[in-house]
>>> print(open('work14.txt').read())   # compact mmCIF, C-alpha atoms
# COMPACT_ATOMS: atom_id res chain seq x y z
CA MET Y 1476 -24.19 0.50 -44.25
CA LEU Y 1477 -22.31 3.73 -44.78
CA SER Y 1478 -24.65 5.36 -42.32
CA PHE Y 1479 -23.63 2.73 -39.76
CA LEU Y 1480 -20.07 3.91 -40.03
CA ARG Y 1481 -21.03 7.59 -39.85
CA ARG Y 1482 -23.40 7.05 -36.92
CA SER Y 1483 -20.85 5.04 -34.99
CA MET Y 1484 -18.31 7.78 -35.36
CA LEU Y 1485 -20.73 10.48 -34.25
CA THR Y 1486 -22.53 8.87 -31.36
CA ARG Y 1487 -21.22 7.22 -28.27
CA GLU Y 1488 -23.81 4.50 -28.27
CA PRO Y 1489 -22.50 1.08 -29.18
CA GLU Y 1490 -24.25 -0.22 -32.25
CA THR Y 1491 -24.12 -3.85 -33.17
CA HIS Y 1492 -25.34 -5.56 -36.28
CA LEU Y 1493 -26.16 -9.22 -36.06
CA TRP Y 1494 -26.39 -11.23 -39.26
CA TYR Y 1495 -27.39 -14.86 -39.28
CA VAL Y 1496 -28.05 -17.75 -41.62
CA VAL Y 1497 -30.21 -20.79 -40.96
CA PRO Y 1498 -28.42 -23.65 -42.77
CA ASP Y 1499 -31.61 -25.67 -43.19
CA GLU Y 1500 -33.05 -22.83 -45.27
CA VAL Y 1501 -30.16 -22.91 -47.73
CA LYS Y 1502 -30.82 -25.93 -49.88
CA SER Y 1503 -29.82 -24.98 -53.39
CA ALA Y 1504 -26.77 -26.87 -54.60
CA PRO Y 1505 -25.92 -24.22 -57.24
CA LEU Y 1506 -26.06 -21.55 -54.53
CA LEU Y 1507 -23.72 -23.51 -52.28
CA SER Y 1508 -21.33 -23.94 -55.21
CA LYS Y 1509 -21.44 -20.22 -55.77
CA TYR Y 1510 -20.52 -19.69 -52.12
CA MET Y 1511 -17.62 -22.11 -52.46
CA GLU Y 1512 -16.32 -19.98 -55.32
CA LEU Y 1513 -16.08 -16.97 -53.01
CA LEU Y 1514 -13.48 -18.73 -50.91
CA PRO Y 1515 -9.75 -18.97 -51.52
CA GLN Y 1516 -8.39 -22.48 -51.93
CA SER Y 1517 -7.14 -22.67 -48.35
CA GLU Y 1518 -10.63 -21.98 -46.98
CA ARG Y 1519 -12.22 -24.43 -49.42
CA ASP Y 1520 -9.82 -27.11 -48.22
CA HIS Y 1521 -10.68 -26.23 -44.64
CA VAL Y 1522 -14.41 -26.59 -45.36
CA LEU Y 1523 -13.92 -29.91 -47.11
CA GLY Y 1524 -11.89 -31.15 -44.15
CA PHE Y 1525 -15.04 -31.38 -42.08
CA ARG Y 1526 -16.61 -34.80 -41.79
CA GLY Y 1527 -19.94 -35.06 -43.57
CA ASP Y 1528 -22.25 -32.82 -45.57
CA GLN Y 1529 -23.91 -31.04 -42.69
CA LEU Y 1530 -20.66 -29.98 -41.02
CA GLN Y 1531 -19.20 -28.93 -44.37
CA LYS Y 1532 -22.30 -26.88 -45.13
CA SER Y 1533 -22.23 -24.93 -41.88
CA ALA Y 1534 -18.48 -24.36 -42.24
CA LEU Y 1535 -19.07 -23.08 -45.77
CA LEU Y 1536 -21.90 -20.83 -44.65
CA ALA Y 1537 -19.73 -19.45 -41.84
CA ARG Y 1538 -16.97 -18.37 -44.25
CA THR Y 1539 -19.53 -17.06 -46.72
CA LEU Y 1540 -21.34 -15.07 -44.06
CA VAL Y 1541 -18.13 -13.44 -42.82
CA ARG Y 1542 -16.99 -12.45 -46.29
CA THR Y 1543 -20.30 -11.21 -47.63
CA THR Y 1544 -21.13 -9.36 -44.42
CA ILE Y 1545 -17.84 -7.48 -44.21
CA ALA Y 1546 -18.10 -6.63 -47.90
CA ARG Y 1547 -21.36 -4.78 -47.20
CA TYR Y 1548 -19.63 -2.25 -44.97
CA GLN Y 1549 -17.13 -0.86 -47.41
CA VAL Y 1550 -17.05 2.86 -47.78
CA ASP Y 1551 -15.60 2.98 -51.27
CA GLY Y 1552 -18.38 1.22 -53.07
CA HIS Y 1553 -18.80 -2.44 -53.80
CA LEU Y 1554 -16.19 -4.81 -52.49
CA ASP Y 1555 -15.86 -8.31 -53.85
CA PRO Y 1556 -16.14 -10.73 -50.90
CA ARG Y 1557 -13.59 -12.89 -52.65
CA SER Y 1558 -10.95 -10.23 -52.30
CA LEU Y 1559 -10.97 -10.16 -48.51
CA ARG Y 1560 -7.97 -11.58 -46.78
CA PHE Y 1561 -7.99 -12.74 -43.21
CA LYS Y 1562 -5.23 -13.17 -40.69
CA ARG Y 1563 -5.05 -14.02 -37.04
CA ASN Y 1564 -3.76 -11.71 -34.36
CA ILE Y 1565 -0.93 -12.95 -32.15
CA HIS Y 1566 -3.44 -14.76 -29.96
CA GLY Y 1567 -5.23 -16.44 -32.83
CA LYS Y 1568 -8.28 -14.19 -33.18
CA PRO Y 1569 -9.34 -13.79 -36.81
CA GLU Y 1570 -9.13 -10.28 -38.27
CA VAL Y 1571 -9.42 -8.74 -41.69
CA GLU Y 1572 -6.12 -8.05 -43.38
CA TRP Y 1573 -6.78 -4.80 -45.19
CA GLU Y 1574 -4.77 -3.78 -48.19
CA THR Y 1575 -2.63 -0.81 -47.39
CA LYS Y 1576 -3.14 1.26 -50.50
CA ASP Y 1577 -2.19 4.92 -50.44
CA GLY Y 1578 -4.87 7.00 -48.87
CA PHE Y 1579 -6.90 3.96 -47.93
CA CYS Y 1580 -8.00 4.10 -44.35
CA PRO Y 1581 -9.29 0.73 -43.25
CA PRO Y 1582 -12.63 0.93 -41.50
CA PRO Y 1583 -12.47 0.23 -37.77
CA LEU Y 1584 -14.75 -2.74 -38.35
CA GLN Y 1585 -14.79 -5.45 -35.74
CA PHE Y 1586 -16.46 -8.77 -36.23
CA ASN Y 1587 -16.85 -12.17 -34.65
CA ILE Y 1588 -18.51 -15.33 -35.83
CA SER Y 1589 -20.09 -18.33 -34.18
CA HIS Y 1590 -21.83 -21.37 -35.55
CA THR Y 1591 -23.64 -24.53 -34.68
CA SER Y 1592 -25.06 -26.96 -37.22
CA SER Y 1593 -28.39 -25.15 -37.07
CA LEU Y 1594 -27.31 -21.50 -37.00
CA VAL Y 1595 -24.44 -19.40 -38.30
CA ALA Y 1596 -24.09 -15.87 -36.93
CA CYS Y 1597 -21.80 -12.90 -37.43
CA GLY Y 1598 -21.72 -9.81 -35.23
CA VAL Y 1599 -20.28 -6.55 -36.51
CA THR Y 1600 -19.42 -3.29 -34.76
CA MET Y 1601 -17.36 -0.22 -35.42
CA ASN Y 1602 -14.45 0.16 -33.01
CA SER Y 1603 -15.69 -2.03 -30.17
CA LEU Y 1604 -14.16 -5.42 -29.72
CA ILE Y 1605 -16.92 -8.00 -30.06
CA GLY Y 1606 -17.38 -11.64 -29.21
CA ILE Y 1607 -20.46 -13.68 -29.99
CA ASP Y 1608 -21.53 -17.21 -29.26
CA VAL Y 1609 -24.61 -19.10 -30.35
CA GLU Y 1610 -26.05 -22.34 -29.03
CA GLU Y 1611 -29.21 -24.34 -29.35
CA LYS Y 1612 -31.55 -23.84 -26.41
CA ARG Y 1613 -32.10 -27.54 -26.10
CA ARG Y 1614 -28.40 -28.44 -26.11
CA ARG Y 1615 -27.75 -31.05 -23.46
CA THR Y 1616 -24.46 -31.81 -21.84
CA LYS Y 1617 -23.39 -35.44 -21.54
CA ASN Y 1618 -22.09 -34.72 -18.07
CA ASN Y 1619 -24.19 -33.67 -15.11
CA ILE Y 1620 -24.51 -29.87 -15.20
CA LEU Y 1621 -23.48 -29.19 -11.63
CA ALA Y 1622 -20.53 -31.57 -11.87
CA PHE Y 1623 -19.46 -29.79 -15.04
CA ALA Y 1624 -19.96 -26.35 -13.51
CA LYS Y 1625 -18.03 -27.28 -10.36
CA ARG Y 1626 -15.14 -28.38 -12.55
CA TYR Y 1627 -15.08 -25.47 -14.99
CA PHE Y 1628 -17.12 -22.52 -13.72
CA THR Y 1629 -16.67 -20.32 -10.64
CA ALA Y 1630 -18.26 -20.91 -7.26
CA HIS Y 1631 -20.71 -18.04 -7.72
CA GLU Y 1632 -21.91 -19.49 -11.01
CA VAL Y 1633 -22.33 -22.94 -9.47
CA GLU Y 1634 -24.44 -21.36 -6.72
CA HIS Y 1635 -26.53 -19.53 -9.32
CA LEU Y 1636 -27.22 -22.79 -11.16
CA ASN Y 1637 -27.75 -24.75 -7.99
CA ALA Y 1638 -30.47 -22.35 -6.89
CA ILE Y 1639 -32.65 -23.25 -9.88
CA PRO Y 1640 -35.12 -25.92 -8.82
CA ASP Y 1641 -36.37 -26.98 -12.23
CA SER Y 1642 -33.88 -29.18 -14.10
CA GLU Y 1643 -35.01 -28.03 -17.55
CA LEU Y 1644 -34.58 -24.38 -16.59
CA GLN Y 1645 -31.27 -25.21 -14.98
CA GLN Y 1646 -30.08 -26.81 -18.22
CA GLN Y 1647 -31.09 -23.72 -20.18
CA GLU Y 1648 -29.47 -21.37 -17.70
CA PHE Y 1649 -26.27 -23.39 -17.98
CA ILE Y 1650 -26.29 -22.94 -21.75
CA LYS Y 1651 -26.88 -19.21 -21.32
CA LEU Y 1652 -23.91 -18.93 -18.96
CA TRP Y 1653 -21.77 -20.96 -21.32
CA THR Y 1654 -22.53 -18.71 -24.28
CA LEU Y 1655 -21.91 -15.57 -22.22
CA LYS Y 1656 -18.55 -16.89 -21.05
CA GLU Y 1657 -17.58 -17.89 -24.57
CA ALA Y 1658 -18.60 -14.50 -25.93
CA TYR Y 1659 -16.44 -12.75 -23.33
CA VAL Y 1660 -13.35 -14.83 -24.10
CA LYS Y 1661 -13.86 -14.35 -27.82
CA ALA Y 1662 -14.26 -10.60 -27.36
CA LEU Y 1663 -11.00 -10.47 -25.41
CA GLY Y 1664 -9.41 -12.21 -28.38
CA LYS Y 1665 -6.53 -13.57 -26.38
CA GLY Y 1666 -7.37 -17.25 -26.67
CA PHE Y 1667 -9.02 -19.51 -24.16
CA SER Y 1668 -5.86 -20.41 -22.35
CA SER Y 1669 -5.39 -16.82 -21.19
CA SER Y 1670 -8.87 -16.70 -19.68
CA PRO Y 1671 -9.83 -20.10 -18.33
CA PHE Y 1672 -13.50 -20.20 -17.49
CA ASN Y 1673 -12.92 -20.53 -13.78
CA THR Y 1674 -11.00 -17.25 -13.62
CA PHE Y 1675 -13.98 -15.01 -14.30
CA THR Y 1676 -17.58 -14.90 -13.13
CA ILE Y 1677 -20.62 -13.87 -15.10
CA ARG Y 1678 -22.86 -12.13 -12.61
CA VAL Y 1679 -26.53 -12.01 -13.30
CA ASN Y 1680 -28.82 -9.52 -11.63
CA THR Y 1681 -32.36 -10.69 -12.10
CA ALA Y 1682 -34.95 -8.01 -11.63
CA ALA Y 1683 -37.79 -10.17 -10.43
CA GLN Y 1684 -37.42 -11.62 -6.98
CA GLU Y 1685 -38.96 -14.94 -7.88
CA SER Y 1686 -36.95 -15.45 -11.02
CA PHE Y 1687 -33.54 -17.03 -10.76
CA CYS Y 1688 -32.89 -16.98 -14.43
CA LEU Y 1689 -31.99 -14.70 -17.26
CA ASN Y 1690 -35.33 -14.31 -18.94
CA GLN Y 1691 -36.05 -10.67 -19.41
CA ALA Y 1692 -34.45 -7.56 -20.72
CA SER Y 1693 -34.07 -6.02 -17.29
CA SER Y 1694 -31.69 -8.74 -16.16
CA GLY Y 1695 -28.28 -7.21 -15.84
CA ILE Y 1696 -25.17 -9.10 -16.83
CA ALA Y 1697 -21.66 -8.23 -15.76
CA VAL Y 1698 -18.31 -9.94 -15.70
CA GLU Y 1699 -15.93 -9.99 -12.77
CA THR Y 1700 -12.47 -11.44 -12.98
CA LEU Y 1701 -10.98 -13.08 -9.94
CA ASP Y 1702 -7.72 -11.26 -10.13
CA SER Y 1703 -8.86 -7.76 -11.08
CA PRO Y 1704 -10.69 -5.16 -9.09
CA GLN Y 1705 -14.33 -4.74 -10.06
CA ASN Y 1706 -13.91 -1.43 -11.82
CA LEU Y 1707 -11.51 -2.81 -14.43
CA THR Y 1708 -14.00 -5.30 -15.76
CA ASN Y 1709 -16.65 -2.67 -16.34
CA ASN Y 1710 -15.06 -2.46 -19.77
CA TRP Y 1711 -17.44 -5.09 -21.07
CA GLN Y 1712 -21.14 -5.18 -21.59
CA PHE Y 1713 -23.34 -8.06 -22.58
CA ALA Y 1714 -26.52 -8.89 -24.42
CA LEU Y 1715 -28.29 -12.22 -24.34
CA LEU Y 1716 -30.91 -12.94 -26.97
CA GLU Y 1717 -33.29 -15.76 -27.69
CA LEU Y 1718 -33.38 -16.18 -31.46
CA MET Y 1719 -36.32 -17.79 -33.29
CA GLY Y 1720 -37.31 -19.41 -30.02
CA SER Y 1721 -34.62 -22.02 -30.61
CA HIS Y 1722 -31.21 -20.48 -29.95
CA TYR Y 1723 -29.37 -18.35 -27.46
CA VAL Y 1724 -27.06 -15.67 -28.80
CA ALA Y 1725 -24.63 -14.04 -26.40
CA ILE Y 1726 -22.88 -10.83 -27.41
CA CYS Y 1727 -20.03 -9.24 -25.50
CA LEU Y 1728 -18.90 -5.73 -26.45
CA GLU Y 1729 -16.10 -3.53 -25.33
CA ARG Y 1730 -17.57 -0.47 -23.74
CA GLN Y 1731 -16.46 2.65 -25.54
CA GLU Y 1732 -17.89 5.23 -23.20
CA THR Y 1733 -20.25 5.24 -20.31
CA GLY Y 1734 -23.26 7.37 -19.70
CA GLY Y 1735 -23.57 9.40 -16.53
CA ALA Y 1736 -22.44 7.86 -13.23
CA GLY Y 1737 -20.66 4.95 -14.93
CA LYS Y 1738 -23.85 3.56 -16.36
CA ALA Y 1739 -23.52 2.03 -19.79
CA PHE Y 1740 -25.53 3.05 -22.80
CA PRO Y 1741 -27.80 0.25 -23.94
CA ILE Y 1742 -26.57 -1.71 -26.90
CA LYS Y 1743 -28.34 -0.68 -30.10
CA LEU Y 1744 -28.96 -3.87 -31.95
CA THR Y 1745 -30.06 -4.57 -35.49
CA ALA Y 1746 -30.60 -8.18 -36.44
CA ARG Y 1747 -31.02 -9.53 -39.95
CA LYS Y 1748 -31.59 -13.02 -41.18
CA THR Y 1749 -29.86 -13.51 -44.49
CA ILE Y 1750 -29.26 -15.87 -47.33
CA PRO Y 1751 -26.10 -14.25 -48.70
CA SER Y 1752 -26.56 -12.68 -52.14
CA VAL Y 1753 -30.18 -13.79 -52.18
CA GLU Y 1754 -32.19 -11.99 -49.52
CA ASP Y 1755 -32.03 -10.19 -46.20
CA GLU Y 1756 -34.79 -9.85 -43.69
CA LEU Y 1757 -34.78 -7.36 -40.84
CA VAL Y 1758 -35.93 -9.24 -37.75
CA SER Y 1759 -34.93 -7.04 -34.82
CA GLY Y 1760 -37.97 -5.74 -33.00
CA THR Y 1761 -39.98 -8.84 -33.95
CA ASN Y 1762 -40.52 -11.86 -31.79
CA ALA Y 1763 -37.78 -13.66 -33.69
CA VAL Y 1764 -35.30 -11.78 -31.47
CA VAL Y 1765 -36.12 -11.55 -27.78
CA THR Y 1766 -33.75 -9.84 -25.37
CA ILE Y 1767 -33.40 -11.98 -22.26
CA GLY Y 1768 -30.46 -10.27 -20.64
CA GLY Y 1769 -28.50 -7.06 -20.76
CA SER Y 1770 -29.45 -3.57 -21.75
CA VAL Y 1771 -30.48 -3.62 -25.41
CA THR Y 1772 -32.60 -1.50 -27.69
CA GLN Y 1773 -33.54 -3.18 -30.92
CA PHE Y 1774 -34.10 -1.22 -34.05
CA MET T 886 8.20 -53.37 -34.28
CA ALA T 887 5.14 -51.26 -34.71
CA SER T 888 5.85 -49.36 -31.53
CA ILE T 889 9.43 -48.67 -32.58
CA THR T 890 8.21 -47.31 -35.88
CA ARG T 891 5.70 -45.11 -34.18
CA ALA T 892 8.34 -43.95 -31.79
CA SER T 893 10.66 -42.94 -34.58
CA VAL T 894 7.90 -41.06 -36.37
CA SER T 895 6.81 -39.07 -33.36
CA MET T 896 10.31 -38.13 -32.24
CA PRO T 897 10.40 -34.83 -34.13
CA SER T 898 7.19 -33.66 -32.53
CA LEU T 899 8.17 -34.82 -29.08
CA SER T 900 10.44 -31.89 -28.37
CA THR T 901 7.63 -29.46 -29.06
CA SER T 902 4.91 -31.34 -27.22
CA VAL T 903 6.98 -32.31 -24.20
CA ASN T 904 7.57 -28.87 -22.89
CA GLN T 905 6.66 -29.57 -19.32
CA SER T 906 9.01 -32.37 -18.46
CA GLN T 907 12.59 -31.18 -18.59
CA ARG T 908 13.76 -34.53 -17.32
CA ARG T 909 12.47 -36.31 -20.40
CA ILE T 910 14.02 -33.82 -22.78
CA SER T 911 17.44 -34.25 -21.18
CA VAL T 912 17.07 -38.04 -21.38
CA MET T 913 16.37 -37.69 -25.07
CA ASN T 914 19.39 -35.49 -25.62
CA SER T 915 21.69 -37.87 -23.82
CA VAL T 916 20.84 -40.82 -26.04
CA SER T 917 22.51 -40.96 -29.39
CA PHE T 918 20.36 -42.29 -32.18
CA PRO T 919 22.25 -44.26 -34.73
CA VAL T 920 20.80 -44.31 -38.20
CA SER T 921 20.23 -48.03 -38.54
CA GLY T 922 17.06 -49.33 -36.98
CA ARG T 923 18.68 -52.38 -35.49
CA SER T 924 21.05 -50.57 -33.15
CA MET T 925 18.26 -48.25 -32.00
CA ILE T 926 16.43 -51.10 -30.33
CA PRO T 927 18.85 -51.75 -27.45
CA SER T 928 19.07 -48.00 -26.73
CA LEU T 929 15.32 -47.71 -26.42
CA ARG T 930 15.07 -50.76 -24.24
CA LEU T 931 17.53 -49.21 -21.79
CA GLN T 932 15.58 -45.94 -21.64
CA ARG T 933 12.29 -47.24 -20.36
CA GLY T 934 10.92 -43.79 -19.66
CA LEU T 935 11.69 -42.84 -23.25
CA GLN T 936 9.85 -45.77 -24.74
CA VAL T 937 6.62 -44.90 -22.99
CA CYS T 938 6.72 -41.18 -23.67
CA CYS T 939 7.40 -41.48 -27.36
CA ALA T 940 3.85 -42.27 -28.37
CA ALA T 941 0.69 -43.22 -26.58
CA LYS T 942 -0.25 -46.85 -26.30
CA GLN T 943 -2.86 -48.09 -28.72
CA GLU T 944 -5.07 -48.91 -25.76
CA THR T 945 -5.06 -45.27 -24.69
CA VAL T 946 -5.85 -44.11 -28.20
CA ASP T 947 -8.73 -46.58 -28.39
CA LYS T 948 -10.19 -45.31 -25.14
CA VAL T 949 -9.95 -41.71 -26.34
CA VAL T 950 -11.67 -42.69 -29.58
CA ALA T 951 -14.50 -44.31 -27.62
CA ILE T 952 -15.01 -41.20 -25.49
CA VAL T 953 -14.95 -38.94 -28.55
CA LYS T 954 -17.46 -41.10 -30.40
CA LYS T 955 -19.77 -41.09 -27.40
CA GLN T 956 -19.57 -37.32 -26.91
CA LEU T 957 -20.18 -36.55 -30.56
CA ALA T 958 -22.78 -39.31 -30.96
CA LEU T 959 -20.85 -40.89 -33.82
CA PRO T 960 -21.73 -44.40 -34.98
CA ALA T 961 -19.51 -47.15 -33.58
CA ASP T 962 -18.09 -47.85 -37.02
CA ALA T 963 -17.18 -44.22 -37.75
CA ALA T 964 -13.60 -43.88 -38.89
CA VAL T 965 -11.81 -42.12 -36.06
CA THR T 966 -8.06 -42.46 -35.71
CA GLY T 967 -5.17 -40.74 -33.97
CA GLU T 968 -5.00 -38.08 -36.65
CA SER T 969 -8.69 -37.24 -36.43
CA LYS T 970 -9.28 -33.65 -35.44
CA PHE T 971 -12.05 -33.01 -32.95
CA ALA T 972 -13.28 -29.95 -34.82
CA ALA T 973 -13.45 -31.81 -38.13
CA LEU T 974 -15.59 -34.46 -36.45
CA GLY T 975 -18.02 -31.74 -35.39
CA ALA T 976 -16.82 -30.94 -31.88
CA ASP T 977 -17.41 -27.40 -30.76
CA SER T 978 -15.76 -25.92 -27.68
CA LEU T 979 -18.37 -27.34 -25.31
CA ASP T 980 -17.86 -30.82 -26.79
CA THR T 981 -14.10 -30.47 -26.43
CA VAL T 982 -14.38 -29.54 -22.76
CA GLU T 983 -16.78 -32.43 -22.20
CA ILE T 984 -14.38 -34.79 -23.92
CA VAL T 985 -11.58 -33.61 -21.65
CA MET T 986 -13.83 -34.09 -18.64
CA GLY T 987 -14.59 -37.63 -19.83
CA LEU T 988 -10.86 -38.29 -20.19
CA GLU T 989 -10.22 -36.97 -16.69
CA GLU T 990 -12.76 -39.42 -15.29
CA GLU T 991 -11.63 -42.37 -17.37
CA PHE T 992 -7.95 -41.97 -16.58
CA ASP T 993 -8.19 -40.35 -13.16
CA ILE T 994 -6.15 -37.30 -14.18
CA THR T 995 -6.58 -33.53 -14.00
CA VAL T 996 -6.07 -31.53 -17.14
CA GLU T 997 -5.30 -27.83 -16.76
CA GLU T 998 -7.54 -25.67 -18.91
CA GLU T 999 -4.53 -24.26 -20.71
CA SER T 1000 -3.51 -27.76 -21.80
CA ALA T 1001 -7.09 -28.71 -22.63
CA GLN T 1002 -7.30 -25.96 -25.19
CA SER T 1003 -4.21 -27.17 -27.02
CA ILE T 1004 -5.63 -30.64 -27.67
CA THR T 1005 -7.02 -30.77 -31.17
CA THR T 1006 -6.62 -34.41 -32.21
CA VAL T 1007 -7.16 -37.84 -30.71
CA GLN T 1008 -3.41 -38.48 -30.72
CA GLU T 1009 -2.66 -35.28 -28.85
CA ALA T 1010 -5.21 -36.23 -26.22
CA ALA T 1011 -3.74 -39.72 -25.87
CA ASP T 1012 -0.17 -38.38 -25.60
CA MET T 1013 -1.19 -35.88 -22.95
CA ILE T 1014 -3.00 -38.57 -20.97
CA GLU T 1015 0.06 -40.77 -20.93
CA LYS T 1016 2.23 -37.93 -19.64
CA LEU T 1017 -0.24 -37.15 -16.88
CA VAL T 1018 -0.80 -40.78 -15.92
CA GLU T 1019 2.91 -41.24 -15.44
CA LYS T 1020 3.18 -38.46 -12.90
>>> encode(input="work14.txt", output="structure tokens")
Amino acid sequence: MLSFLRRSMLTREPETHLWYVVPDEVKSAPLLSKYMELLPQSERDHVLGFRGDQLQKSALLARTLVRTTIARYQVDGHLDPRSLRFKRNIHGKPEVEWETKDGFCPPPLQFNISHTSSLVACGVTMNSLIGIDVEEKRRRTKNNILAFAKRYFTAHEVEHLNAIPDSELQQQEFIKLWTLKEAYVKALGKGFSSSPFNTFTIRVNTAAQESFCLNQASSGIAVETLDSPQNLTNNWQFALLELMGSHYVAICLERQETGGAGKAFPIKLTARKTIPSVEDELVSGTNAVVTIGGSVTQF
Amino acid sequence: MASITRASVSMPSLSTSVNQSQRRISVMNSVSFPVSGRSMIPSLRLQRGLQVCCAAKQETVDKVVAIVKKQLALPADAAVTGESKFAALGADSLDTVEIVMGLEEEFDITVEEESAQSITTVQEAADMIEKLVEK
């Protein structure tokens, strides 16, 4: 992980590490107890405040994943995940509260977490603001998609959804848009009320003429805010992944530098499935992680 | 009596939650609240606007509970009350927006996204609905 820090400081290419846990694969009660012990009392209380075992488990795994993941990136040797303190910025976005010891320079580590009952994910970068959102592919809305989109999305996005003839594909495209919009707002870190969903558009450029949807790596994704000129919102770049064939993962990163002619460097992505303190498995570059939007190189 | 009790409990939070209606805040300031419960009753009866805005009607809370249970696919006998937090019941942000959309349809109101994000419990949703319905 030290090389991640060094590389990020030397190159201009945004590098993102994605770590995720599949709750159904973590069954050992002693292991879950061990995770609970990593948390301060306030976080334990928060976990226990969720209704039912499944919700408590994914909340526990979310806190565990954040702590154990950040601990891996420490420059000065092993860091106890228990010792990490978190705070919220003035808008409510969680951040690490580093100890200010003499001579200690906190790493410019940025992270964001997202979870559903079936997947818990944490994205990490150096320097770049990051937002991630995960959702099950088969998630269905209770409301009609177009009615929902007309109420909460922008006109362009409604048109994009409306143009999809197949209702199953339309449902999936809706979920993709939702995760991309969530990832953007979370990357901004200013809270949802400062960026209501109908004040910015996710624009999708699909390469293939016959395809309306985000389904391949060449599909470009950009964000445009209604009240800013186009060039200001080129600060953000996106990746959309299909994970394990069952989930969409949207990642939004602050662009540090552009390549020639304002073109962004592709996002360098490493993805690992983990059971914290038990095992890690590198899955980027396998068919467990398929890029379906944005410019991404997996390694 | 139950509504009076509820009114007296939610008074302290009213000044923070009612930040949009200056008229209601000035009404509240102009009424003096004596300590004894008995003399409070005539004051509240005179201020009809005050009585309604103190706390949401049980009927409203029940409707919110029904919508929440439906959205989150909770069993009908699941314990959901005014204090229940959406997140603790398993609502993610998409669920919360869908709940708000359901409330908009049920009560024929429009909830600004900024307000929608600040609703975290059943009671907060019910209180907000009542304010919007009155307009």
>>> residues_around(input="work14.txt", residues="Y:Leu1689", least_positions_apart="5", cutoff="12 Å", atoms="only C-alpha atoms", output="VMD selection string")
chain Y and resid 1635 to 1636 1639 1644 to 1645 1647 to 1652 1655 1677 to 1683 1694 to 1696 1714 to 1717 1723 1725 1765 to 1769
>>> write_last_selection(input="work14.txt", atoms="C-alpha atoms", output="short mmCIF file (atom, residue, chain, number, x, y, z; two decimals), keeping the file's coordinate frame")
data_model
loop_
_atom_site.label_atom_id
_atom_site.label_comp_id
_atom_site.auth_asym_id
_atom_site.auth_seq_id
_atom_site.Cartn_x
_atom_site.Cartn_y
_atom_site.Cartn_z
CA HIS Y 1635 -26.53 -19.53 -9.32
CA LEU Y 1636 -27.22 -22.79 -11.16
CA ILE Y 1639 -32.65 -23.25 -9.88
CA LEU Y 1644 -34.58 -24.38 -16.59
CA GLN Y 1645 -31.27 -25.21 -14.98
CA GLN Y 1647 -31.09 -23.72 -20.18
CA GLU Y 1648 -29.47 -21.37 -17.70
CA PHE Y 1649 -26.27 -23.39 -17.98
CA ILE Y 1650 -26.29 -22.94 -21.75
CA LYS Y 1651 -26.88 -19.21 -21.32
CA LEU Y 1652 -23.91 -18.93 -18.96
CA LEU Y 1655 -21.91 -15.57 -22.22
CA ILE Y 1677 -20.62 -13.87 -15.10
CA ARG Y 1678 -22.86 -12.13 -12.61
CA VAL Y 1679 -26.53 -12.01 -13.30
CA ASN Y 1680 -28.82 -9.52 -11.63
CA THR Y 1681 -32.36 -10.69 -12.10
CA ALA Y 1682 -34.95 -8.01 -11.63
CA ALA Y 1683 -37.79 -10.17 -10.43
CA SER Y 1694 -31.69 -8.74 -16.16
CA GLY Y 1695 -28.28 -7.21 -15.84
CA ILE Y 1696 -25.17 -9.10 -16.83
CA ALA Y 1714 -26.52 -8.89 -24.42
CA LEU Y 1715 -28.29 -12.22 -24.34
CA LEU Y 1716 -30.91 -12.94 -26.97
CA GLU Y 1717 -33.29 -15.76 -27.69
CA TYR Y 1723 -29.37 -18.35 -27.46
CA ALA Y 1725 -24.63 -14.04 -26.40
CA VAL Y 1765 -36.12 -11.55 -27.78
CA THR Y 1766 -33.75 -9.84 -25.37
CA ILE Y 1767 -33.40 -11.98 -22.26
CA GLY Y 1768 -30.46 -10.27 -20.64
CA GLY Y 1769 -28.50 -7.06 -20.76
#
>>> closest_residue(input="work14.txt", among="Y:Ser1668, Y:Asp1702, Y:Val1753, Y:Pro1498", to="T:Ile1004", atoms="only C-alpha atoms")
Y:Ser1668
>>> interface_residues(input="work14.txt", of="chain Y", to="chain T", cutoff="7 Å", atoms="all atoms listed in the file", output="ChimeraX atom specification")
/Y:1524-1526,1530,1617,1667-1668,1671
>>> residues_near_point(input="work14.txt", point="(-22.0, -9.2, -22.6)", cutoff="10 Å", atoms="only C-alpha atoms", output="NGL selection string")
:Y and (1605-1607 or 1654-1659 or 1662 or 1677 or 1695-1698 or 1711-1715 or 1725-1730 or 1742 or 1768-1770)
>>> residues_around(input="work14.txt", residues="T:Ile1014", least_positions_apart="5", cutoff="8 Å", atoms="all atoms listed in the file", output="ChimeraX atom specification")
/T:945,988,992,994
>>> residues_around(input="work14.txt", residues="Y:Lys1562", least_positions_apart="4", cutoff="7 Å", atoms="only C-alpha atoms", output="PyMOL selection string")
chain Y and resi 1569-1572
>>> residues_near_point(input="work14.txt", point="(-27.1, -31.6, -22.1)", cutoff="10 Å", atoms="all atoms listed in the file", output="number ranges by chain")
Y: 1612-1620, 1643, 1646-1647, 1649-1650
>>> residues_around(input="work14.txt", residues="Y:Arg1557", least_positions_apart="6", cutoff="12 Å", atoms="all atoms listed in the file", output="PyMOL selection string")
chain Y and resi 1509-1516+1518+1538-1546
>>> closest_residue(input="work14.txt", among="Y:Gly1527, Y:Asp1641, Y:Glu1756, Y:Leu1701", to="T:Leu959", atoms="only C-alpha atoms")
Y:Gly1527
>>> atom_distance(input="work14.txt", atom1="atom CA of T:Ala941", atom2="atom CA of T:Asp993")
16.3 Å
